[in-house]
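Accompanying notes for the structure given below.
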Amino acid sequence: MRRLAILSVVLAAVDPGLRPGAYLFATIHRAENRELAAMAAWAALLGAVARPERPVVLALHPGTRAALAASAIQLSPDVRIIEPQGYRTTLGLQLHAAAVLTDSGGVQREAAWLRVPCLILRETTEWVEALEGSGGTMVVIGLDAARAQTEVDRLAPTATAEAVARARAADLRLEPAGAVDAIVAALEG
C-alpha cells in the first residue's frame, strides 16, 4: 500500500488528473524525430492513441520542444506536455502507465525491466534481446499511427489497463542485476 501512496504523490506532482493505467507515457528526443516530416508523423501518432480519458503524457526533451516550437505542428489537446523528469519520477511514470511510447533506447530498456508494454517509435532497436524476450509486449512500430493504435489496443486495453498497472506496481520485484558485484570484482581483479 505504501507504493501506491508514493505513486499518488508522484502522479499528483506531475499532473493531478493522472491515475495508474489511465495514461500513456511518451518520450521523443532523437535527432531524426526532430525533422519536420518526422514531427508531423509522431504528432499524428500520439494524437491517434490519445483520448480524453487516457491522455498521452509527453516528457518533452528541450531539443524536441525547440524543434516543435519552430514548426507549425500542433499536438492533440489529449497530449499533455510535461518537462523532462528525474530518473526516479520517470521510472514511476513508466511503471504506472498503460504503455510507453518512445524513441529512447534507455526508456525502452527500462520499460522492459519494469514489464510495461512499449511501442518503439523507430524502425530498429539496439535492444534486440529485450524485444525478443518481451513476449510481444515490446513492438517496433516506427511512426505508423494506425499500427500504434492497433498495438495500444492489444497491449493495453482500456477496460483492464488500470487494474493491470496497479497489479504490476504492487507485484514488482526487481532482482539485483549483479552490477555492483561485477564492478567490485573488476576493481579487485
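Labels for the C-alpha cells follow display order: chains A, B, ..., residues from 1 in each chain, ligands from 1.
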
Closest atom pairs, segment 4-83 of chain A residues within 10 Å of segment 118-135 of chain A, only C-alpha atoms, as CSV:
```
residue,atom,partner,partner_atom,distance
A:Leu24,CA,A:Cys118,CA,9.9
A:Phe25,CA,A:Cys118,CA,9.5
A:Ala26,CA,A:Leu119,CA,9.3
A:Thr27,CA,A:Leu121,CA,9.4
A:Ile28,CA,A:Leu121,CA,8.1
A:Arg30,CA,A:Arg122,CA,9.4
A:Glu32,CA,A:Arg122,CA,9.4
A:Asn33,CA,A:Arg122,CA,8.9
A:Trp42,CA,A:Leu121,CA,8.0
A:Leu45,CA,A:Leu121,CA,9.5
```

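For Glu83 of chain A, the list of residues within 9 Å, based on only C-alpha atoms and with local chain neighbours fewer than 5 positions off taken out, reads A:Val14, A:Leu58, A:Ala59, A:Leu60, A:His61, A:Pro62.
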
Residues within 9 Å of Arg115 of chain A, only C-alpha atoms, excluding chain neighbours under 2 positions, as a list in words: Leu95, Glu110, Ala111, Ala112, Trp113, Pro117, Cys118, Ser134, Thr137, Arg168 and Leu172 of chain A

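Counting only C-alpha atoms and comparing A:Gly21, A:Ser76, A:Arg147, A:Ala40, the residue that lies closest to Ala167 of chain A is A:Gly21.
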
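Across A:Thr150, A:Thr102, A:Thr90, A:Ser71, the tightest approach to Met39 of chain A is made by A:Ser71 when counting only C-alpha atoms.
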
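Neighbouring residues of Ala72 of chain A at 12 Å or closer, counting only C-alpha atoms and skipping chain neighbours under 5 positions away, are Leu36, Ala37, Met39, Ala40, Ala43, Ala66 and Ala67 of chain A.
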
Taking 4 positions as the minimum chain separation for residues in the same chain, which residues sit within 10 Å of Ala98 of chain A when counting only C-alpha atoms? Answer as a PyMOL selection string. chain A and resi 19-25+54+56+93-94+116-118+152+155-158+160-166

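The spacing separating atom CA of Arg34 of chain A from atom CA of Glu53 of chain A amounts to 27.9 Å.
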
Write out as a PyMOL selection string the residues lying within 8 Å of Ala145 of chain A, counting only C-alpha atoms and excluding same-chain residues fewer than 3 positions away. chain A and resi 41-42+44-46+48-49+148-149

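Coordinates place atom CA of His96 of chain A at a distance of 6.8 Å from atom CA of Ala169 of chain A.
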
Based on the backbone DSSP call, show me all residues of chain A assigned strand (DSSP E or B), as JSON, numbers by chain. {"A": [24, 25, 26, 27, 28, 51, 54, 56, 57, 58, 59, 60, 79, 80, 81, 82, 99, 100, 101, 102, 118, 119, 120, 138, 139, 140]}

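Among A:Gly47, A:Gly142, A:Gly189, A:Pro55, the residue with the shortest atom-to-atom distance to Ala97 of chain A, counting only C-alpha atoms, is A:Pro55.
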